[in-house]
Every structure is written in C-alpha cells, then in structure tokens.
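Enquirer: The structure is given below, and queries will be raised subsequently.
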Amino acid sequence: MGSERSEPLRLAVAPDADEAVAEAVRRAGAVVVDLADARALAWTAWTDLASFPQPLPAGIEWVQLPSAGVERWVEAGIIDRARVWTSAAGVCAAPVAEHALALLLAGVRMLPECLRCREWARTEVLPRVGTLDGAAVGIVGGGSIARALIPLLTAVGAEARVVNRSGRAVPGAAQTRPIAAVGDFWEAVDHVVLAAPDTPDTRHLVGAAELDAMKPTAWLVNVARGTIVDTDALVRVLDSAGIAGAGLDVTDPEPLPAAHPLWGHPRVIVTPHVADAAMTLRGFRRRLAENVRRWRAGEELVGVVDPDRGY
C-alpha cells in the first residue's frame, strides 16, 4: 500500500461501538473516532446493509466488512472503487472445515439413519456404512476453507481433489484443475464438498448434469453458499436416490421454508448456517487488528475485495 505510517490510524467502529472490537484495534495502533473524522471504517453488523452510511465521507480510505462473503454488498452497489474494501474471508476457515468434515462423516457413517432408528437395526444399516479412508473427496473452491479441510481429510485417509478458478495447485491436494476444464471431476470423485464463493460464475454451478454424474454412493456437502446448487435439481436427484445424500449448512432459499421438501428428507442433513459460528466475532477482531497493523506498516491488507470478481 505504501510506506510505513507513524501516526495512529483514525478508525470508526459502526454501527455498534463494540468495546471488544475497539480494544483490539487500539492495541494494534488505531484510535477510535467518529466517522466524520476517520480514515477507516470497521462495520460490525453482519446483515445490516440498510444502515450502512452512504455516501461515505471522502476521507474514508479503507472499509473492513465483517463477513467472508460480500456478494450482497456488491449487488447493493455499496462496494466502490474509491477506497479499499476488505472482507473477513478466511477468518472462519477452520470451524467451517470442521463442519464440512462433520457433515460428510455423519452422512457416510449413516448417523442420521441410526438416530432415527428405534431398534437394533445393525443388519440393515451395516452394509451401507461407509468410510472416508481411501476415498477421493472433491472440493469445489481452492481458498482458505479448502486449505483447512485438506489436512482433516488427509488425517482420515481421504484424498482431496480440488477444482478452482485458476487451476493453480492447492497445497496438499492430490489434484487441482481449473473449473473451465472440470472434465470428469463429478463422476471421478467419491464425494463433493462445496467451498466456493457466491459469484455470477458459481451460481447453479451444481445442477442436474453435475448431480446426475455423481456416484450413487456420493454425498454432497455445501458449506459455501446455497445459490451454488440448483435446489430443485438436488431434490429430484435425492428423491430418485441418484446420490446417497446431502449435508447442507447453506440453502437456497435461506432460511429454508418450513414446508420445503429438504426438511425431513431421509437423505438430507440440514444445519442452519452455523458452520462459522465458533469463530465469527473473535476471528473478525483478529482480522481487523491485523489489518490495522498492516495499514500502519504500509503493507497490503488481508482480504482485499475485487469488485469485478465479487469477492
């Protein structure tokens, strides 16, 4: 970004003056001030776009957003090119990866069916209990969640195969290919985990053709964004036993309506978008403090948003 700055960063914290956030940035070298006097803004409301100050004061050079995904901010026209915007991408990678593994293991090990049992149904369940040992797990998206998930998969004996935008190798993955050359990815892997951002290019990336290509023993796990999956196509393939099941922490629509067929489906595990809950606020404070330190040092900030890509 430039040369080292000796003066403290004048930073506004809004819409709520969270004292834990304020204390974290003070320790990193910032002074908490009113928005009109600030050079940077830390926005602490995950879902509140309506109260975001528009237009921002001309003196604001940098805005730290609280969420990893910024698609709503881009679609609302809030993110501009007049200043630097940073997201919280990556701060919750570890708990999200844990959640993805939990959903995948729960499905493969038939835990939902066992929970529904009210009798000792070992003979019926045992032949369908699987393992990740020796399995090829496809990961769509090569970012921080994938990088956190790969060691977990390796620990249980699974092999990770990654599809990302660039095709650039992801550490620990047995294979990385660009999405433009996805080829036989869907039929070649044993299970699929979705960990890609929500962009125009990824919406309904997983549709009828991709689901039909997956193995009938495969589980689809989505800890990314619900819009990546064509929900109607997913329901159809689940109803026909085209895949073994789906573990969903995100859905489209979200929240999932009470009467939606995914609720109570014997092949579906739904968790209400809680994969990142364990680290959300703590991770945001750490990211913000690190970026304050980097701003003062004249270093590139972490999580810089590209408005053209939408993340």
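As shown in the structure tokens, the chain order sets the letters A, B, ...; within each chain, residues go from 1, and ligands are also counted from 1 in the order they appear.
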Applying 8 Å and only C-alpha atoms, which residues near stretch 189-202 of chain A remain after dropping the ones on its own chain fewer than 3 positions away? List them as an MDAnalysis selection string.

Expert: chainID A and resid 69 71 100 135:143 145:146 161 185:186 205 214:215 217:225 227:228 309:311

Enquirer: Since we have the selection now, will you write its residues out, keeping N, CA and C atoms, as a compact mmCIF listing (two decimals), in the first residue's frame?

Expert:
```
# COMPACT_ATOMS: atom_id res chain seq x y z
N GLY A 69 -18.26 -13.60 2.80
CA GLY A 69 -18.90 -13.37 1.51
C GLY A 69 -19.38 -11.93 1.40
N GLU A 71 -21.10 -10.81 -1.53
CA GLU A 71 -21.94 -10.70 -2.72
C GLU A 71 -23.09 -9.72 -2.53
N ALA A 100 -17.73 -29.07 7.68
CA ALA A 100 -17.83 -29.83 6.43
C ALA A 100 -17.47 -31.30 6.66
N ALA A 135 -11.04 -42.76 0.23
CA ALA A 135 -11.99 -42.07 -0.64
C ALA A 135 -11.34 -40.86 -1.30
N ALA A 136 -11.82 -40.53 -2.49
CA ALA A 136 -11.43 -39.30 -3.19
C ALA A 136 -12.53 -38.27 -2.96
N VAL A 137 -12.19 -37.19 -2.27
CA VAL A 137 -13.16 -36.14 -1.95
C VAL A 137 -12.86 -34.93 -2.82
N GLY A 138 -13.82 -34.56 -3.65
CA GLY A 138 -13.67 -33.38 -4.49
C GLY A 138 -14.07 -32.13 -3.73
N ILE A 139 -13.27 -31.09 -3.85
CA ILE A 139 -13.56 -29.81 -3.22
C ILE A 139 -13.69 -28.76 -4.32
N VAL A 140 -14.83 -28.10 -4.39
CA VAL A 140 -15.03 -27.03 -5.35
C VAL A 140 -14.71 -25.72 -4.65
N GLY A 141 -13.62 -25.09 -5.07
CA GLY A 141 -13.10 -23.89 -4.40
C GLY A 141 -11.76 -24.21 -3.77
N GLY A 142 -10.79 -23.35 -4.03
CA GLY A 142 -9.44 -23.62 -3.53
C GLY A 142 -8.95 -22.60 -2.53
N GLY A 143 -9.87 -21.95 -1.82
CA GLY A 143 -9.49 -20.91 -0.88
C GLY A 143 -9.18 -21.43 0.50
N ILE A 145 -11.02 -22.27 3.10
CA ILE A 145 -11.76 -23.42 3.62
C ILE A 145 -11.17 -24.72 3.08
N ALA A 146 -10.89 -24.74 1.78
CA ALA A 146 -10.27 -25.93 1.19
C ALA A 146 -8.93 -26.22 1.84
N ARG A 161 -9.21 -33.71 -4.06
CA ARG A 161 -9.05 -33.25 -5.44
C ARG A 161 -9.81 -31.93 -5.58
N PHE A 185 -14.60 -34.64 -13.39
CA PHE A 185 -14.48 -34.44 -11.94
C PHE A 185 -15.65 -35.04 -11.18
N TRP A 186 -16.87 -34.75 -11.61
CA TRP A 186 -18.06 -35.13 -10.84
C TRP A 186 -18.21 -36.64 -10.70
N LEU A 205 -23.81 -23.63 -10.21
CA LEU A 205 -22.70 -24.39 -10.75
C LEU A 205 -22.98 -25.88 -10.67
N MET A 214 -22.64 -37.66 -10.53
CA MET A 214 -22.03 -38.14 -9.29
C MET A 214 -22.40 -39.60 -9.02
N LYS A 215 -21.57 -40.26 -8.26
CA LYS A 215 -21.80 -41.66 -7.92
C LYS A 215 -23.05 -41.81 -7.04
N THR A 217 -23.35 -43.47 -4.51
CA THR A 217 -22.90 -43.56 -3.11
C THR A 217 -22.33 -42.24 -2.60
N ALA A 218 -22.37 -41.20 -3.43
CA ALA A 218 -21.72 -39.93 -3.09
C ALA A 218 -22.58 -39.06 -2.18
N TRP A 219 -21.90 -38.33 -1.32
CA TRP A 219 -22.54 -37.28 -0.54
C TRP A 219 -22.07 -35.92 -1.06
N LEU A 220 -23.01 -34.99 -1.12
CA LEU A 220 -22.72 -33.60 -1.48
C LEU A 220 -22.82 -32.76 -0.22
N VAL A 221 -21.75 -32.05 0.12
CA VAL A 221 -21.73 -31.19 1.31
C VAL A 221 -21.55 -29.75 0.85
N ASN A 222 -22.41 -28.87 1.35
CA ASN A 222 -22.32 -27.45 0.98
C ASN A 222 -22.15 -26.60 2.22
N VAL A 223 -20.95 -26.01 2.38
CA VAL A 223 -20.68 -25.06 3.46
C VAL A 223 -20.32 -23.70 2.87
N ALA A 224 -20.68 -23.48 1.61
CA ALA A 224 -20.31 -22.26 0.90
C ALA A 224 -21.50 -21.30 0.83
N ARG A 225 -22.25 -21.38 -0.25
CA ARG A 225 -23.46 -20.58 -0.43
C ARG A 225 -24.51 -21.46 -1.08
N THR A 227 -26.77 -20.77 -3.17
CA THR A 227 -27.04 -20.50 -4.58
C THR A 227 -26.12 -21.26 -5.52
N ILE A 228 -25.07 -21.88 -5.01
CA ILE A 228 -24.19 -22.66 -5.88
C ILE A 228 -24.90 -23.91 -6.40
N ARG A 309 -14.71 -9.35 -9.48
CA ARG A 309 -14.92 -10.77 -9.21
C ARG A 309 -16.04 -11.00 -8.20
N GLY A 310 -16.32 -10.02 -7.37
CA GLY A 310 -17.37 -10.15 -6.38
C GLY A 310 -16.93 -10.83 -5.11
N TYR A 311 -15.63 -10.91 -4.87
CA TYR A 311 -15.11 -11.48 -3.63
C TYR A 311 -13.68 -11.02 -3.42
```

Enquirer: Determine, counting only C-alpha atoms, which protein, DNA and RNA residues have an atom within 7 Å of an atom of stretch 264-278 of chain A; residues of the same chain fewer than 2 positions away are not included. Present the result as a PyMOL selection string.

Expert: chain A and resi 92+95-96+99+238+244-250+261-262+280

Enquirer: Would you compute the distance between atom CA of A:Leu101 and atom CA of A:Leu115? Give it in Å to one decimal.

Expert: 18.5 Å

Enquirer: As a list of chain:residue names, please: the residues near stretch 40-51 of chain A (cut-off 8 Å, only C-alpha atoms, same-chain neighbours under 2 positions excluded).

Expert: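 Surrounding residues, per the criterion: A:Leu9, A:Arg10, A:Leu11, A:Ala12, A:Val13, A:Ala14, A:Pro15, A:Asp16, A:Asp18, A:Leu35, A:Ala38, A:Pro53, A:Ile60, A:Glu61, A:Trp62, A:Val63, A:Gln64, A:Leu65, A:Pro66, A:Ser67, A:Trp73, A:Leu288.
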
Enquirer: How many Å separate atom CA of A:Val229 from atom CA of A:Arg147?

Expert: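 Computing it gives 21.7 Å between the two atoms.
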
Enquirer: Point out the residue among A:Ala188, A:Ala68, A:Leu103, A:Ala241 with the least atom-to-atom distance to A:Thr86, counting only C-alpha atoms.

Expert: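 Distance minimum relative to A:Thr86 lands on A:Ala68.
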
Enquirer: Quick one: pull the distance between atom CA of A:Arg282 and atom CA of A:Leu256, Å, one decimal.

Expert: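 Atom-to-atom, atom CA of A:Arg282 to atom CA of A:Leu256, that is 27.4 Å.
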
Enquirer: Pick out each residue of stretch 42-229 of chain A that DSSP on the backbone tags as strand (DSSP E or B); I need them as a PyMOL selection string.

Expert: chain A and resi 42-43+62-64+84-86+136-140+159-164+175-178+191-194+206+219-222+229

Enquirer: Could those residues be written to a file, using N, CA and C atoms, as a short mmCIF file (atom, residue, chain, number, x, y, z; two decimals), in the first residue's frame?

Expert:
```
data_model
loop_
_atom_site.label_atom_id
_atom_site.label_comp_id
_atom_site.auth_asym_id
_atom_site.auth_seq_id
_atom_site.Cartn_x
_atom_site.Cartn_y
_atom_site.Cartn_z
N ALA A 42 -14.67 0.25 10.40
CA ALA A 42 -14.91 -1.16 10.69
C ALA A 42 -16.41 -1.33 10.89
N TRP A 43 -17.05 -2.03 9.96
CA TRP A 43 -18.50 -2.24 10.03
C TRP A 43 -18.77 -3.57 10.72
N TRP A 62 -10.40 3.13 3.70
CA TRP A 62 -10.48 1.67 3.83
C TRP A 62 -11.69 1.30 4.66
N VAL A 63 -12.42 0.26 4.23
CA VAL A 63 -13.57 -0.26 4.97
C VAL A 63 -13.35 -1.75 5.21
N GLN A 64 -13.44 -2.16 6.48
CA GLN A 64 -13.38 -3.59 6.83
C GLN A 64 -14.80 -4.10 7.04
N VAL A 84 -10.29 1.17 -0.47
CA VAL A 84 -10.02 -0.26 -0.32
C VAL A 84 -11.10 -0.88 0.56
N TRP A 85 -11.61 -2.02 0.14
CA TRP A 85 -12.58 -2.79 0.93
C TRP A 85 -11.96 -4.14 1.25
N THR A 86 -12.09 -4.56 2.49
CA THR A 86 -11.60 -5.88 2.88
C THR A 86 -12.73 -6.68 3.52
N ALA A 136 -11.82 -40.53 -2.49
CA ALA A 136 -11.43 -39.30 -3.19
C ALA A 136 -12.53 -38.27 -2.96
N VAL A 137 -12.19 -37.19 -2.27
CA VAL A 137 -13.16 -36.14 -1.95
C VAL A 137 -12.86 -34.93 -2.82
N GLY A 138 -13.82 -34.56 -3.65
CA GLY A 138 -13.67 -33.38 -4.49
C GLY A 138 -14.07 -32.13 -3.73
N ILE A 139 -13.27 -31.09 -3.85
CA ILE A 139 -13.56 -29.81 -3.22
C ILE A 139 -13.69 -28.76 -4.32
N VAL A 140 -14.83 -28.10 -4.39
CA VAL A 140 -15.03 -27.03 -5.35
C VAL A 140 -14.71 -25.72 -4.65
N GLU A 159 -8.31 -38.63 0.05
CA GLU A 159 -7.52 -37.86 -0.91
C GLU A 159 -8.36 -36.68 -1.40
N ALA A 160 -7.78 -35.49 -1.41
CA ALA A 160 -8.50 -34.29 -1.84
C ALA A 160 -8.17 -33.97 -3.29
N ARG A 161 -9.21 -33.71 -4.06
CA ARG A 161 -9.05 -33.25 -5.44
C ARG A 161 -9.81 -31.93 -5.58
N VAL A 162 -9.13 -30.90 -6.01
CA VAL A 162 -9.68 -29.55 -5.96
C VAL A 162 -9.97 -29.02 -7.37
N VAL A 163 -11.09 -28.32 -7.48
CA VAL A 163 -11.40 -27.53 -8.66
C VAL A 163 -11.45 -26.07 -8.22
N ASN A 164 -10.67 -25.22 -8.88
CA ASN A 164 -10.73 -23.79 -8.56
C ASN A 164 -10.76 -22.98 -9.85
N GLN A 175 -4.77 -33.41 -6.62
CA GLN A 175 -5.02 -32.92 -7.97
C GLN A 175 -5.72 -31.58 -7.88
N THR A 176 -5.34 -30.64 -8.75
CA THR A 176 -6.05 -29.36 -8.86
C THR A 176 -6.28 -29.09 -10.33
N ARG A 177 -7.51 -28.74 -10.67
CA ARG A 177 -7.81 -28.41 -12.06
C ARG A 177 -8.68 -27.16 -12.11
N PRO A 178 -8.61 -26.39 -13.20
CA PRO A 178 -9.45 -25.20 -13.32
C PRO A 178 -10.90 -25.59 -13.61
N HIS A 191 -17.05 -38.20 -3.19
CA HIS A 191 -17.92 -37.23 -2.52
C HIS A 191 -17.48 -35.83 -2.95
N VAL A 192 -18.36 -34.83 -2.75
CA VAL A 192 -18.05 -33.46 -3.15
C VAL A 192 -18.36 -32.51 -2.00
N VAL A 193 -17.42 -31.61 -1.73
CA VAL A 193 -17.62 -30.53 -0.76
C VAL A 193 -17.56 -29.21 -1.52
N LEU A 194 -18.57 -28.36 -1.33
CA LEU A 194 -18.61 -27.05 -1.98
C LEU A 194 -18.07 -26.00 -1.03
N VAL A 206 -23.69 -26.28 -9.61
CA VAL A 206 -24.07 -27.68 -9.43
C VAL A 206 -25.55 -27.81 -9.80
N TRP A 219 -21.90 -38.33 -1.32
CA TRP A 219 -22.54 -37.28 -0.54
C TRP A 219 -22.07 -35.92 -1.06
N LEU A 220 -23.01 -34.99 -1.12
CA LEU A 220 -22.72 -33.60 -1.48
C LEU A 220 -22.82 -32.76 -0.22
N VAL A 221 -21.75 -32.05 0.12
CA VAL A 221 -21.73 -31.19 1.31
C VAL A 221 -21.55 -29.75 0.85
N ASN A 222 -22.41 -28.87 1.35
CA ASN A 222 -22.32 -27.45 0.98
C ASN A 222 -22.15 -26.60 2.22
N VAL A 229 -25.92 -24.36 -5.67
CA VAL A 229 -26.65 -25.58 -6.03
C VAL A 229 -28.03 -25.24 -6.55
#
```

Enquirer: Return as a PDB file with C-alpha atoms, in the first residue's frame the full set of residues in stretch 103-151 of chain A whose backbone-based DSSP assignment is helix (DSSP H, G or I).

Expert:
```
ATOM      1  CA  LEU A 103     -21.465 -33.379   7.768  1.00  0.00           C
ATOM      2  CA  LEU A 104     -19.554 -35.670   5.435  1.00  0.00           C
ATOM      3  CA  LEU A 105     -18.689 -38.195   8.136  1.00  0.00           C
ATOM      4  CA  ALA A 106     -22.239 -38.128   9.503  1.00  0.00           C
ATOM      5  CA  GLY A 107     -23.588 -38.989   6.079  1.00  0.00           C
ATOM      6  CA  VAL A 108     -21.021 -41.607   5.150  1.00  0.00           C
ATOM      7  CA  LEU A 111     -25.586 -41.346  11.571  1.00  0.00           C
ATOM      8  CA  PRO A 112     -28.936 -39.731  10.630  1.00  0.00           C
ATOM      9  CA  GLU A 113     -30.457 -43.138   9.914  1.00  0.00           C
ATOM     10  CA  CYS A 114     -29.075 -44.532  13.165  1.00  0.00           C
ATOM     11  CA  LEU A 115     -30.567 -41.592  15.068  1.00  0.00           C
ATOM     12  CA  ARG A 116     -33.963 -42.313  13.530  1.00  0.00           C
ATOM     13  CA  ARG A 122     -27.469 -53.471  12.683  1.00  0.00           C
ATOM     14  CA  THR A 123     -28.241 -55.916   9.892  1.00  0.00           C
ATOM     15  CA  GLU A 124     -29.998 -53.237   7.826  1.00  0.00           C
ATOM     16  CA  VAL A 125     -27.549 -50.384   8.459  1.00  0.00           C
ATOM     17  CA  LEU A 126     -24.186 -52.161   8.466  1.00  0.00           C
ATOM     18  CA  PRO A 127     -23.948 -52.873   4.702  1.00  0.00           C
ATOM     19  CA  ARG A 128     -24.418 -49.160   3.933  1.00  0.00           C
ATOM     20  CA  SER A 144      -8.999 -20.893   2.866  1.00  0.00           C
ATOM     21  CA  ILE A 145     -11.760 -23.423   3.622  1.00  0.00           C
ATOM     22  CA  ALA A 146     -10.270 -25.934   1.195  1.00  0.00           C
ATOM     23  CA  ARG A 147      -6.804 -25.394   2.637  1.00  0.00           C
ATOM     24  CA  ALA A 148      -8.159 -26.005   6.152  1.00  0.00           C
ATOM     25  CA  LEU A 149     -10.181 -29.046   5.080  1.00  0.00           C
ATOM     26  CA  ILE A 150      -7.451 -30.888   3.182  1.00  0.00           C
ATOM     27  CA  PRO A 151      -5.380 -31.787   6.296  1.00  0.00           C
TER      28      PRO A 151
END
```

Enquirer: Please provide the set of residues having any atom within 9 Å of A:Gly134, restricted to only C-alpha atoms, with same-chain residues fewer than 4 positions apart removed, written as a list in words.

Expert: Val156, Gly157, Ala158 and Glu159 of chain A

Enquirer: Give the answer as one residue: which of A:Arg81, A:Ser3, A:Val237, A:Ala17 has the shortest atom-to-atom distance to A:Val33, using only C-alpha atoms?

Expert: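 Result for the nearest residue to A:Val33: A:Ala17.
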